[in-house]
>>> print(open('model.cif').read())   # mmCIF, C-alpha atoms (C1' of nucleotides)
data_protein
#
loop_
_atom_site.group_PDB
_atom_site.id
_atom_site.type_symbol
_atom_site.label_atom_id
_atom_site.label_comp_id
_atom_site.auth_asym_id
_atom_site.auth_seq_id
_atom_site.Cartn_x
_atom_site.Cartn_y
_atom_site.Cartn_z
ATOM 1 C CA MET Q 1 0.000 0.000 0.000
ATOM 2 C CA LYS Q 2 1.392 3.306 -1.041
ATOM 3 C CA ILE Q 3 0.750 6.382 1.039
ATOM 4 C CA SER Q 4 1.272 9.609 -0.840
ATOM 5 C CA ASP Q 5 3.140 12.588 0.512
ATOM 6 C CA ALA Q 6 0.026 14.504 1.397
ATOM 7 C CA GLU Q 7 -1.568 11.469 2.944
ATOM 8 C CA TRP Q 8 1.503 10.943 5.029
ATOM 9 C CA GLU Q 9 0.839 14.226 6.791
ATOM 10 C CA VAL Q 10 -2.566 12.971 7.763
ATOM 11 C CA MET Q 11 -1.152 9.711 9.014
ATOM 12 C CA ARG Q 12 1.338 11.538 11.167
ATOM 13 C CA ILE Q 13 -1.431 13.394 12.903
ATOM 14 C CA VAL Q 14 -3.336 10.224 13.613
ATOM 15 C CA TRP Q 15 -0.280 8.280 14.697
ATOM 16 C CA ASN Q 16 0.538 11.084 17.015
ATOM 17 C CA LYS Q 17 -2.615 10.667 18.996
ATOM 18 C CA GLU Q 18 -5.401 8.208 18.424
ATOM 19 C CA PRO Q 19 -8.193 8.192 17.748
ATOM 20 C CA ARG Q 20 -8.980 11.406 15.989
ATOM 21 C CA THR Q 21 -12.051 12.966 14.551
ATOM 22 C CA ALA Q 22 -11.877 14.518 11.123
ATOM 23 C CA ALA Q 23 -12.312 17.894 12.755
ATOM 24 C CA GLU Q 24 -9.216 17.374 14.821
ATOM 25 C CA VAL Q 25 -7.136 16.373 11.851
ATOM 26 C CA ILE Q 26 -8.467 19.327 9.931
ATOM 27 C CA GLN Q 27 -7.635 21.644 12.747
ATOM 28 C CA GLU Q 28 -4.071 20.430 12.857
ATOM 29 C CA LEU Q 29 -3.475 20.476 9.137
ATOM 30 C CA SER Q 30 -5.551 23.052 7.376
ATOM 31 C CA GLU Q 31 -3.598 26.019 8.631
ATOM 32 C CA PRO Q 32 -0.040 24.771 8.366
ATOM 33 C CA GLN Q 33 -0.582 23.049 5.050
ATOM 34 C CA GLY Q 34 -3.014 25.515 3.608
ATOM 35 C CA TRP Q 35 -5.462 22.755 2.813
ATOM 36 C CA ASN Q 36 -9.166 23.072 2.444
ATOM 37 C CA HIS Q 37 -11.050 20.919 4.904
ATOM 38 C CA ARG Q 38 -12.565 19.025 1.994
ATOM 39 C CA THR Q 39 -9.147 18.075 0.816
ATOM 40 C CA ILE Q 40 -8.361 16.634 4.183
ATOM 41 C CA ARG Q 41 -11.637 14.766 4.294
ATOM 42 C CA THR Q 42 -10.855 13.285 0.915
ATOM 43 C CA MET Q 43 -7.540 12.080 2.187
ATOM 44 C CA LEU Q 44 -9.108 10.567 5.258
ATOM 45 C CA GLY Q 45 -11.493 8.709 2.994
ATOM 46 C CA ARG Q 46 -8.764 7.488 0.714
ATOM 47 C CA LEU Q 47 -6.668 6.339 3.619
ATOM 48 C CA VAL Q 48 -9.578 4.298 4.876
ATOM 49 C CA GLU Q 49 -10.016 2.831 1.388
ATOM 50 C CA LYS Q 50 -6.366 1.979 1.277
ATOM 51 C CA GLY Q 51 -6.577 0.303 4.624
ATOM 52 C CA ALA Q 52 -4.209 2.716 6.307
ATOM 53 C CA LEU Q 53 -6.878 4.054 8.621
ATOM 54 C CA ASP Q 54 -9.747 2.473 10.461
ATOM 55 C CA TYR Q 55 -12.664 4.248 11.941
ATOM 56 C CA GLN Q 56 -15.311 3.710 14.521
ATOM 57 C CA VAL Q 57 -18.629 5.378 14.183
ATOM 58 C CA ALA Q 58 -19.234 7.614 17.153
ATOM 59 C CA GLY Q 59 -22.673 9.036 16.762
ATOM 60 C CA HIS Q 60 -22.666 10.985 13.579
ATOM 61 C CA LYS Q 61 -18.905 11.225 13.411
ATOM 62 C CA TYR Q 62 -16.029 8.935 12.722
ATOM 63 C CA LEU Q 63 -13.164 8.285 15.037
ATOM 64 C CA TYR Q 64 -10.159 7.509 12.917
ATOM 65 C CA SER Q 65 -7.271 5.429 14.063
ATOM 66 C CA ALA Q 66 -4.291 3.970 12.273
ATOM 67 C CA ALA Q 67 -4.652 0.512 10.816
ATOM 68 C CA ILE Q 68 -0.983 0.204 10.048
ATOM 69 C CA GLU Q 69 1.925 0.808 12.323
ATOM 70 C CA GLN Q 70 3.995 3.890 12.019
ATOM 71 C CA GLU Q 71 7.149 1.944 12.686
ATOM 72 C CA ALA Q 72 6.519 -0.340 9.730
ATOM 73 C CA CYS Q 73 5.665 2.522 7.406
ATOM 74 C CA VAL Q 74 8.719 4.451 8.436
ATOM 75 C CA ARG Q 75 10.807 1.414 7.757
ATOM 76 C CA VAL Q 76 9.443 0.878 4.275
ATOM 77 C CA ARG Q 77 9.764 4.479 3.305
ATOM 78 C CA SER Q 78 13.196 4.758 4.769
ATOM 79 C CA GLU Q 79 14.454 1.780 2.879
ATOM 80 C CA SER Q 80 13.170 3.108 -0.367
ATOM 81 C CA PHE Q 81 14.664 6.507 0.328
ATOM 82 C CA LEU Q 82 17.990 4.989 1.261
ATOM 83 C CA SER Q 83 18.254 2.953 -1.874
ATOM 84 C CA LYS Q 84 16.929 5.587 -4.214
ATOM 85 C CA VAL Q 85 18.753 8.640 -2.988
ATOM 86 C CA PHE Q 86 21.878 7.177 -1.457
ATOM 87 C CA GLY Q 87 22.168 4.022 -3.465
ATOM 88 C CA GLY Q 88 21.796 1.961 -0.321
ATOM 89 C CA ASP Q 89 24.795 3.489 1.381
ATOM 90 C CA THR Q 90 23.618 4.086 4.923
ATOM 91 C CA SER Q 91 26.885 5.545 5.948
ATOM 92 C CA ALA Q 92 26.680 8.218 3.257
ATOM 93 C CA LEU Q 93 23.117 8.944 4.241
ATOM 94 C CA VAL Q 94 23.948 9.373 7.876
ATOM 95 C CA ALA Q 95 26.921 11.552 7.064
ATOM 96 C CA HIS Q 96 24.747 13.756 4.888
ATOM 97 C CA PHE Q 97 22.183 14.354 7.585
ATOM 98 C CA VAL Q 98 24.687 14.804 10.339
ATOM 99 C CA GLU Q 99 26.624 17.369 8.366
ATOM 100 C CA ASP Q 100 23.500 19.281 7.551
ATOM 101 C CA ALA Q 101 21.852 19.121 10.907
ATOM 102 C CA ASP Q 102 21.938 21.337 13.880
ATOM 103 C CA LEU Q 103 22.410 18.824 16.647
ATOM 104 C CA SER Q 104 22.652 19.594 20.306
ATOM 105 C CA PRO Q 105 25.645 18.280 22.210
ATOM 106 C CA ASP Q 106 23.297 15.918 23.957
ATOM 107 C CA GLN Q 107 21.986 14.500 20.740
ATOM 108 C CA ILE Q 108 25.498 14.104 19.490
ATOM 109 C CA LYS Q 109 26.466 12.269 22.616
ATOM 110 C CA THR Q 110 23.522 9.947 22.304
ATOM 111 C CA LEU Q 111 24.258 9.179 18.689
ATOM 112 C CA ARG Q 112 27.908 8.536 19.378
ATOM 113 C CA ARG Q 113 26.913 6.154 22.108
ATOM 114 C CA LEU Q 114 24.538 4.410 19.762
ATOM 115 C CA LEU Q 115 27.331 3.960 17.265
ATOM 116 C CA SER Q 116 29.618 2.567 19.897
ATOM 117 C CA SER Q 117 27.128 0.034 21.038
ATOM 118 C CA LYS Q 118 26.672 -0.874 17.420
ATOM 119 C CA LYS Q 119 30.333 -1.633 17.108
ATOM 120 C CA ARG Q 120 30.407 -3.727 20.225
ATOM 121 C CA SER Q 121 27.452 -5.778 19.130
ATOM 122 C CA LYS Q 122 29.287 -7.090 16.125
ATOM 123 C CA MET L 123 11.134 20.792 -10.274
ATOM 124 C CA LYS L 124 9.915 17.456 -9.051
ATOM 125 C CA ILE L 125 11.625 14.290 -10.141
ATOM 126 C CA SER L 126 9.487 11.231 -9.706
ATOM 127 C CA ASP L 127 10.703 7.982 -8.238
ATOM 128 C CA ALA L 128 11.154 6.267 -11.552
ATOM 129 C CA GLU L 129 12.854 9.285 -13.041
ATOM 130 C CA TRP L 130 15.219 9.362 -10.135
ATOM 131 C CA GLU L 131 16.625 6.019 -11.214
ATOM 132 C CA VAL L 132 17.425 7.485 -14.588
ATOM 133 C CA MET L 133 19.062 10.502 -13.038
ATOM 134 C CA ARG L 134 21.226 8.290 -10.894
ATOM 135 C CA ILE L 135 22.584 6.544 -13.940
ATOM 136 C CA VAL L 136 23.404 9.812 -15.637
ATOM 137 C CA TRP L 137 24.924 11.398 -12.556
ATOM 138 C CA ASN L 138 27.024 8.358 -12.165
ATOM 139 C CA LYS L 139 28.777 8.878 -15.458
ATOM 140 C CA GLU L 140 28.181 11.597 -17.991
ATOM 141 C CA PRO L 141 27.287 11.892 -20.693
ATOM 142 C CA ARG L 142 25.164 8.915 -21.555
ATOM 143 C CA THR L 143 23.348 7.754 -24.616
ATOM 144 C CA ALA L 144 19.811 6.479 -24.289
ATOM 145 C CA ALA L 145 21.109 3.032 -25.122
ATOM 146 C CA GLU L 146 23.460 3.107 -22.190
ATOM 147 C CA VAL L 147 20.792 4.175 -19.775
ATOM 148 C CA ILE L 148 18.503 1.522 -21.153
ATOM 149 C CA GLN L 149 21.159 -1.102 -20.763
ATOM 150 C CA GLU L 150 21.685 -0.202 -17.138
ATOM 151 C CA LEU L 151 18.050 0.016 -16.201
ATOM 152 C CA SER L 152 15.883 -2.220 -18.299
ATOM 153 C CA GLU L 153 17.018 -5.440 -16.730
ATOM 154 C CA PRO L 154 17.177 -4.512 -13.061
ATOM 155 C CA GLN L 155 13.998 -2.472 -13.166
ATOM 156 C CA GLY L 156 12.126 -4.580 -15.647
ATOM 157 C CA TRP L 157 11.422 -1.560 -17.807
ATOM 158 C CA ASN L 158 10.754 -1.528 -21.483
ATOM 159 C CA HIS L 159 13.191 0.607 -23.409
ATOM 160 C CA ARG L 160 10.332 2.814 -24.500
ATOM 161 C CA THR L 161 9.500 3.536 -20.926
ATOM 162 C CA ILE L 162 13.042 4.648 -20.318
ATOM 163 C CA ARG L 163 13.059 6.785 -23.446
ATOM 164 C CA THR L 164 9.880 8.431 -22.241
ATOM 165 C CA MET L 165 11.514 9.261 -18.970
ATOM 166 C CA LEU L 166 14.570 10.659 -20.669
ATOM 167 C CA GLY L 167 12.294 12.889 -22.685
ATOM 168 C CA ARG L 168 10.360 14.027 -19.671
ATOM 169 C CA LEU L 169 13.524 14.767 -17.764
ATOM 170 C CA VAL L 170 14.733 16.950 -20.601
ATOM 171 C CA GLU L 171 11.376 18.723 -20.633
ATOM 172 C CA LYS L 172 11.646 19.269 -16.917
ATOM 173 C CA GLY L 173 15.097 20.672 -17.293
ATOM 174 C CA ALA L 174 16.729 17.934 -15.278
ATOM 175 C CA LEU L 175 18.690 16.646 -18.241
ATOM 176 C CA ASP L 176 20.422 18.312 -21.126
ATOM 177 C CA TYR L 177 21.512 16.680 -24.311
ATOM 178 C CA GLN L 178 23.892 17.238 -27.122
ATOM 179 C CA VAL L 179 23.151 15.891 -30.533
ATOM 180 C CA ALA L 180 25.798 13.435 -31.576
ATOM 181 C CA GLY L 181 24.994 12.344 -35.065
ATOM 182 C CA HIS L 182 21.679 10.601 -34.948
ATOM 183 C CA LYS L 183 21.800 10.122 -31.204
ATOM 184 C CA TYR L 184 21.586 12.242 -28.108
ATOM 185 C CA LEU L 185 24.149 12.452 -25.410
ATOM 186 C CA TYR L 186 22.389 13.141 -22.175
ATOM 187 C CA SER L 187 23.929 14.856 -19.233
ATOM 188 C CA ALA L 188 22.534 16.201 -15.981
ATOM 189 C CA ALA L 189 21.366 19.772 -15.955
ATOM 190 C CA ILE L 190 20.942 19.858 -12.222
ATOM 191 C CA GLU L 191 23.375 18.819 -9.563
ATOM 192 C CA GLN L 192 22.958 15.629 -7.704
ATOM 193 C CA GLU L 193 24.028 17.272 -4.481
ATOM 194 C CA ALA L 194 21.240 19.815 -4.714
ATOM 195 C CA CYS L 195 18.630 17.225 -5.559
ATOM 196 C CA VAL L 196 19.724 14.999 -2.753
ATOM 197 C CA ARG L 197 19.459 17.905 -0.401
ATOM 198 C CA VAL L 198 15.943 18.791 -1.442
ATOM 199 C CA ARG L 199 14.727 15.261 -1.281
ATOM 200 C CA SER L 200 16.421 14.623 1.998
ATOM 201 C CA GLU L 201 14.870 17.632 3.598
ATOM 202 C CA SER L 202 11.437 16.614 2.512
ATOM 203 C CA PHE L 203 11.996 13.073 3.699
ATOM 204 C CA LEU L 204 13.286 14.282 7.040
ATOM 205 C CA SER L 205 10.342 16.497 7.695
ATOM 206 C CA LYS L 206 7.727 14.120 6.389
ATOM 207 C CA VAL L 207 8.858 10.867 7.907
ATOM 208 C CA PHE L 208 10.706 11.999 10.996
ATOM 209 C CA GLY L 209 8.968 15.269 11.643
ATOM 210 C CA GLY L 210 12.209 17.126 11.151
ATOM 211 C CA ASP L 211 13.996 15.280 13.897
ATOM 212 C CA THR L 212 17.389 14.522 12.407
ATOM 213 C CA SER L 213 18.537 12.796 15.498
ATOM 214 C CA ALA L 214 15.662 10.322 15.311
ATOM 215 C CA LEU L 215 16.313 9.779 11.630
ATOM 216 C CA VAL L 216 19.974 9.048 12.171
ATOM 217 C CA ALA L 217 19.200 6.738 15.032
ATOM 218 C CA HIS L 218 16.749 4.833 12.903
ATOM 219 C CA PHE L 219 19.206 4.242 10.102
ATOM 220 C CA VAL L 220 22.101 3.456 12.367
ATOM 221 C CA GLU L 221 20.084 0.901 14.270
ATOM 222 C CA ASP L 222 18.917 -0.735 11.107
ATOM 223 C CA ALA L 223 22.170 -0.684 9.210
ATOM 224 C CA ASP L 224 24.978 -3.074 8.977
ATOM 225 C CA LEU L 225 27.934 -0.764 9.370
ATOM 226 C CA SER L 226 31.538 -1.771 9.279
ATOM 227 C CA PRO L 227 33.738 -0.781 12.223
ATOM 228 C CA ASP L 228 35.465 1.626 9.920
ATOM 229 C CA GLN L 229 32.272 3.318 8.924
ATOM 230 C CA ILE L 230 31.294 3.547 12.534
ATOM 231 C CA LYS L 231 34.586 5.140 13.393
ATOM 232 C CA THR L 232 34.226 7.660 10.610
ATOM 233 C CA LEU L 233 30.745 8.588 11.660
ATOM 234 C CA ARG L 234 31.726 8.955 15.275
ATOM 235 C CA ARG L 235 34.505 11.240 14.259
ATOM 236 C CA LEU L 236 32.142 13.271 12.167
ATOM 237 C CA LEU L 237 29.876 13.669 15.160
ATOM 238 C CA SER L 238 32.767 14.763 17.340
ATOM 239 C CA SER L 239 33.861 17.393 14.918
ATOM 240 C CA LYS L 240 30.294 18.544 14.791
ATOM 241 C CA LYS L 241 30.292 19.085 18.507
ATOM 242 C CA ARG L 242 33.529 20.960 18.468
ATOM 243 C CA SER L 243 32.352 23.258 15.726
ATOM 244 C CA LYS L 244 29.581 24.638 17.857
ATOM 245 C "C1'" DC D 245 -38.618 23.745 16.218
ATOM 246 C "C1'" DC D 246 -35.859 25.636 12.576
ATOM 247 C "C1'" DG D 247 -32.134 27.237 10.015
ATOM 248 C "C1'" DA D 248 -27.202 26.982 9.829
ATOM 249 C "C1'" DA D 249 -23.253 24.314 10.394
ATOM 250 C "C1'" DA D 250 -20.949 20.066 10.218
ATOM 251 C "C1'" DC D 251 -20.544 15.243 8.807
ATOM 252 C "C1'" DT D 252 -19.744 11.532 5.502
ATOM 253 C "C1'" DG D 253 -20.472 9.810 0.679
ATOM 254 C "C1'" DC D 254 -20.184 10.587 -4.066
ATOM 255 C "C1'" DT D 255 -18.437 13.126 -7.934
ATOM 256 C "C1'" DA D 256 -15.094 16.037 -10.554
ATOM 257 C "C1'" DC D 257 -11.144 17.113 -12.882
ATOM 258 C "C1'" DA D 258 -6.565 18.460 -14.317
ATOM 259 C "C1'" DA D 259 -1.670 17.204 -13.746
ATOM 260 C "C1'" DA D 260 1.670 13.829 -12.947
ATOM 261 C "C1'" DC D 261 3.078 9.051 -13.374
ATOM 262 C "C1'" DG D 262 3.993 4.555 -15.005
ATOM 263 C "C1'" DT D 263 4.001 2.158 -18.850
ATOM 264 C "C1'" DA D 264 4.193 1.777 -23.235
ATOM 265 C "C1'" DA D 265 2.759 1.838 -28.764
ATOM 266 C "C1'" DT D 266 3.046 4.067 -33.204
ATOM 267 C "C1'" DC D 267 5.509 6.755 -36.564
ATOM 268 C "C1'" DA D 268 8.952 8.587 -39.346
ATOM 269 C "C1'" DA D 269 13.697 9.050 -40.186
ATOM 270 C "C1'" DT D 270 17.915 6.653 -40.203
ATOM 271 C "C1'" DT D 271 21.358 3.613 -39.527
ATOM 272 C "C1'" DT D 272 23.139 -0.871 -39.683
ATOM 273 C "C1'" DA D 273 23.657 -5.726 -40.811
ATOM 274 C "C1'" DC D 274 23.692 -8.964 -44.202
ATOM 275 C "C1'" DG H 275 20.832 -2.272 -51.491
ATOM 276 C "C1'" DT H 276 17.231 -3.675 -48.821
ATOM 277 C "C1'" DA H 277 15.146 -5.395 -44.674
ATOM 278 C "C1'" DA H 278 15.614 -5.039 -39.843
ATOM 279 C "C1'" DA H 279 16.776 -2.503 -35.894
ATOM 280 C "C1'" DT H 280 17.487 1.939 -33.581
ATOM 281 C "C1'" DT H 281 16.347 6.616 -32.422
ATOM 282 C "C1'" DG H 282 13.794 10.481 -31.100
ATOM 283 C "C1'" DA H 283 8.933 12.564 -31.448
ATOM 284 C "C1'" DT H 284 4.315 12.127 -30.704
ATOM 285 C "C1'" DT H 285 0.438 9.937 -28.902
ATOM 286 C "C1'" DA H 286 -2.102 6.798 -25.637
ATOM 287 C "C1'" DC H 287 -4.192 5.378 -21.582
ATOM 288 C "C1'" DG H 288 -5.335 3.784 -16.991
ATOM 289 C "C1'" DT H 289 -4.081 5.224 -12.141
ATOM 290 C "C1'" DT H 290 -2.760 8.229 -8.505
ATOM 291 C "C1'" DT H 291 -2.577 12.581 -6.514
ATOM 292 C "C1'" DG H 292 -3.870 17.137 -5.221
ATOM 293 C "C1'" DT H 293 -7.549 19.799 -4.710
ATOM 294 C "C1'" DA H 294 -11.916 20.417 -4.146
ATOM 295 C "C1'" DG H 295 -17.638 20.821 -4.926
ATOM 296 C "C1'" DC H 296 -22.275 19.040 -4.199
ATOM 297 C "C1'" DA H 297 -25.911 16.073 -1.881
ATOM 298 C "C1'" DG H 298 -28.238 14.366 1.729
ATOM 299 C "C1'" DT H 299 -28.456 13.845 6.691
ATOM 300 C "C1'" DT H 300 -27.690 15.038 11.386
ATOM 301 C "C1'" DT H 301 -26.971 17.981 14.972
ATOM 302 C "C1'" DC H 302 -26.647 22.184 17.519
ATOM 303 C "C1'" DG H 303 -27.599 27.095 18.723
ATOM 304 C "C1'" DG H 304 -31.059 29.981 19.649
#
>>> encode(input="model.cif", output="structure tokens")
Amino acid sequence: MKISDAEWEVMRIVWNKEPRTAAEVIQELSEPQGWNHRTIRTMLGRLVEKGALDYQVAGHKYLYSAAIEQEACVRVRSESFLSKVFGGDTSALVAHFVEDADLSPDQIKTLRRLLSSKKRSK
Amino acid sequence: MKISDAEWEVMRIVWNKEPRTAAEVIQELSEPQGWNHRTIRTMLGRLVEKGALDYQVAGHKYLYSAAIEQEACVRVRSESFLSKVFGGDTSALVAHFVEDADLSPDQIKTLRRLLSSKKRSK
DNA sequence: CCGAAACTGCTACAAACGTAATCAATTTAC
DNA sequence: GTAAATTGATTACGTTTGTAGCAGTTTCGG
């Protein structure tokens, strides 16, 4: 199942806190994305069609919740990104983001520790 | 200018070595991707239209070369990926890829060093 | 209790995409 | 030298995506 870029924004809102009414999703997205509420409703509908969202009927409204796990989706998308943009070279990818990022000393420390533990585990 | 997923594969071939004839690109892609040569020719055409590729006429053939830099495209795509999939949290992104990857001790060392230099530069 | 607002379902529609086929010119292989 | 293969140009076509509008129903404010 392929989730488009725009749809991904909707999924992020729902993953972030479940369940959600359409109104909530609209509230979170219409301003920042400049989307008409109908656009968002369409995406909610399509995501249900695609099986990415479930809903429960609550009175006259729907309560949407994710039908697929964020972790799994992130993994799939990440893999495809890695292979397409960095030719599968994780090390190049990581270097690119690290160079470009504005990381706090704490974050740096954590990442260095993660790398160390990675080494040890081999 | 937006380069689609399939087009990206073509761009990668051209970036990798320039210039390229259509036949060369076709040779590199048709097998691994299972694409008909016509499909690839279509993409070459569209990429020229989009301004992502240039070509020189060499006799009856074209010699394609990139009109946009890989570095810049990678940056754009990476930014969008970062914000869409990891909500802009580089640290989370890096952690994800590091955890998932199979890095050699050398790569790990290099990355750790990169992180250190990052810290110092602040 | 009634009109406005909100909800979901259906419909719309152009642009982009993936995936080619056809065509005309040309080059190449025999 | 002629038939086959190649090349780029043009055309095709179903699907997905972005971006909504309209219809019919329900609910809420007054």
>>> calpha_fit_rmsd(input="model.cif", fixed="chain L", moving="chain Q")
0.2 Å
>>> resolve_selection(input="model.cif", expression="the PyMOL selection byres ((chain L and resi 188) around 6)", output="short mmCIF file (atom, residue, chain, number, x, y, z; two decimals) with C-alpha atoms, in the frame of the given file")
data_model
loop_
_atom_site.label_atom_id
_atom_site.label_comp_id
_atom_site.auth_asym_id
_atom_site.auth_seq_id
_atom_site.Cartn_x
_atom_site.Cartn_y
_atom_site.Cartn_z
CA LEU L 175 18.69 16.65 -18.24
CA ASP L 176 20.42 18.31 -21.13
CA SER L 187 23.93 14.86 -19.23
CA ALA L 189 21.37 19.77 -15.96
CA ILE L 190 20.94 19.86 -12.22
#
>>> closest_residue(input="model.cif", among="Q:Lys50, Q:Arg38, Q:Arg20, Q:Lys119", to="Ile3 of chain Q", atoms="all atoms listed in the file")
Q:Lys50
>>> interface_residues(input="model.cif", of="chain Q", to="chain L", cutoff="10 Å", atoms="all atoms listed in the file", output="JSON, numbers by chain")
{"Q": [5, 6, 8, 9, 12, 70, 73, 74, 75, 77, 78, 79, 80, 81, 82, 83, 84, 85, 86, 87, 88, 89, 90, 91, 92, 93, 94, 95, 96, 97, 98, 99, 100, 101, 102, 103, 104, 105, 106, 107, 108, 109, 110, 111, 112, 113, 114, 115, 116, 117, 118, 119, 120, 122]}
>>> write_last_selection(input="model.cif", atoms="C-alpha atoms", output="JSON list (two decimals), in the coordinates of the input")
[["chain", "number", "residue", "atom", "x", "y", "z"],
["Q", 5, "ASP", "CA", 3.14, 12.59, 0.51],
["Q", 6, "ALA", "CA", 0.03, 14.50, 1.40],
["Q", 8, "TRP", "CA", 1.50, 10.94, 5.03],
["Q", 9, "GLU", "CA", 0.84, 14.23, 6.79],
["Q", 12, "ARG", "CA", 1.34, 11.54, 11.17],
["Q", 70, "GLN", "CA", 4.00, 3.89, 12.02],
["Q", 73, "CYS", "CA", 5.66, 2.52, 7.41],
["Q", 74, "VAL", "CA", 8.72, 4.45, 8.44],
["Q", 75, "ARG", "CA", 10.81, 1.41, 7.76],
["Q", 77, "ARG", "CA", 9.76, 4.48, 3.30],
["Q", 78, "SER", "CA", 13.20, 4.76, 4.77],
["Q", 79, "GLU", "CA", 14.45, 1.78, 2.88],
["Q", 80, "SER", "CA", 13.17, 3.11, -0.37],
["Q", 81, "PHE", "CA", 14.66, 6.51, 0.33],
["Q", 82, "LEU", "CA", 17.99, 4.99, 1.26],
["Q", 83, "SER", "CA", 18.25, 2.95, -1.87],
["Q", 84, "LYS", "CA", 16.93, 5.59, -4.21],
["Q", 85, "VAL", "CA", 18.75, 8.64, -2.99],
["Q", 86, "PHE", "CA", 21.88, 7.18, -1.46],
["Q", 87, "GLY", "CA", 22.17, 4.02, -3.46],
["Q", 88, "GLY", "CA", 21.80, 1.96, -0.32],
["Q", 89, "ASP", "CA", 24.80, 3.49, 1.38],
["Q", 90, "THR", "CA", 23.62, 4.09, 4.92],
["Q", 91, "SER", "CA", 26.88, 5.54, 5.95],
["Q", 92, "ALA", "CA", 26.68, 8.22, 3.26],
["Q", 93, "LEU", "CA", 23.12, 8.94, 4.24],
["Q", 94, "VAL", "CA", 23.95, 9.37, 7.88],
["Q", 95, "ALA", "CA", 26.92, 11.55, 7.06],
["Q", 96, "HIS", "CA", 24.75, 13.76, 4.89],
["Q", 97, "PHE", "CA", 22.18, 14.35, 7.58],
["Q", 98, "VAL", "CA", 24.69, 14.80, 10.34],
["Q", 99, "GLU", "CA", 26.62, 17.37, 8.37],
["Q", 100, "ASP", "CA", 23.50, 19.28, 7.55],
["Q", 101, "ALA", "CA", 21.85, 19.12, 10.91],
["Q", 102, "ASP", "CA", 21.94, 21.34, 13.88],
["Q", 103, "LEU", "CA", 22.41, 18.82, 16.65],
["Q", 104, "SER", "CA", 22.65, 19.59, 20.31],
["Q", 105, "PRO", "CA", 25.64, 18.28, 22.21],
["Q", 106, "ASP", "CA", 23.30, 15.92, 23.96],
["Q", 107, "GLN", "CA", 21.99, 14.50, 20.74],
["Q", 108, "ILE", "CA", 25.50, 14.10, 19.49],
["Q", 109, "LYS", "CA", 26.47, 12.27, 22.62],
["Q", 110, "THR", "CA", 23.52, 9.95, 22.30],
["Q", 111, "LEU", "CA", 24.26, 9.18, 18.69],
["Q", 112, "ARG", "CA", 27.91, 8.54, 19.38],
["Q", 113, "ARG", "CA", 26.91, 6.15, 22.11],
["Q", 114, "LEU", "CA", 24.54, 4.41, 19.76],
["Q", 115, "LEU", "CA", 27.33, 3.96, 17.26],
["Q", 116, "SER", "CA", 29.62, 2.57, 19.90],
["Q", 117, "SER", "CA", 27.13, 0.03, 21.04],
["Q", 118, "LYS", "CA", 26.67, -0.87, 17.42],
["Q", 119, "LYS", "CA", 30.33, -1.63, 17.11],
["Q", 120, "ARG", "CA", 30.41, -3.73, 20.23],
["Q", 122, "LYS", "CA", 29.29, -7.09, 16.12]]
>>> interface_residues(input="model.cif", of="chain Q", to="chain D", cutoff="12 Å", atoms="all atoms listed in the file", output="list in words")
Thr21, Ala22, Ala23, His37, Arg38, Arg41, Thr42, Leu44, Gly45, Arg46, Val57, Ala58, Gly59, His60, Lys61, Tyr62 and Leu63 of chain Q
>>> interface_residues(input="model.cif", of="chain H", to="chain L", cutoff="10 Å", atoms="only C-alpha atoms (C1' of nucleotides)", output="list in words")
DT280, DT281, DG282 and DA283 of chain H
>>> atom_distance(input="model.cif", atom1="atom CA of Leu169 of chain L", atom2="atom CA of Glu140 of chain L")
15.0 Å
>>> atom_distance(input="model.cif", atom1="atom CA of Glu193 of chain L", atom2="atom CA of Glu153 of chain L")
26.7 Å
>>> atom_distance(input="model.cif", atom1="atom CA of Ile162 of chain L", atom2="atom CA of Ile148 of chain L")
6.3 Å
>>> resolve_selection(input="model.cif", expression="the PyMOL selection byres ((chain H and resi 294) around 8)", output="ChimeraX atom specification")
/Q:36,38-39 /H:293,295
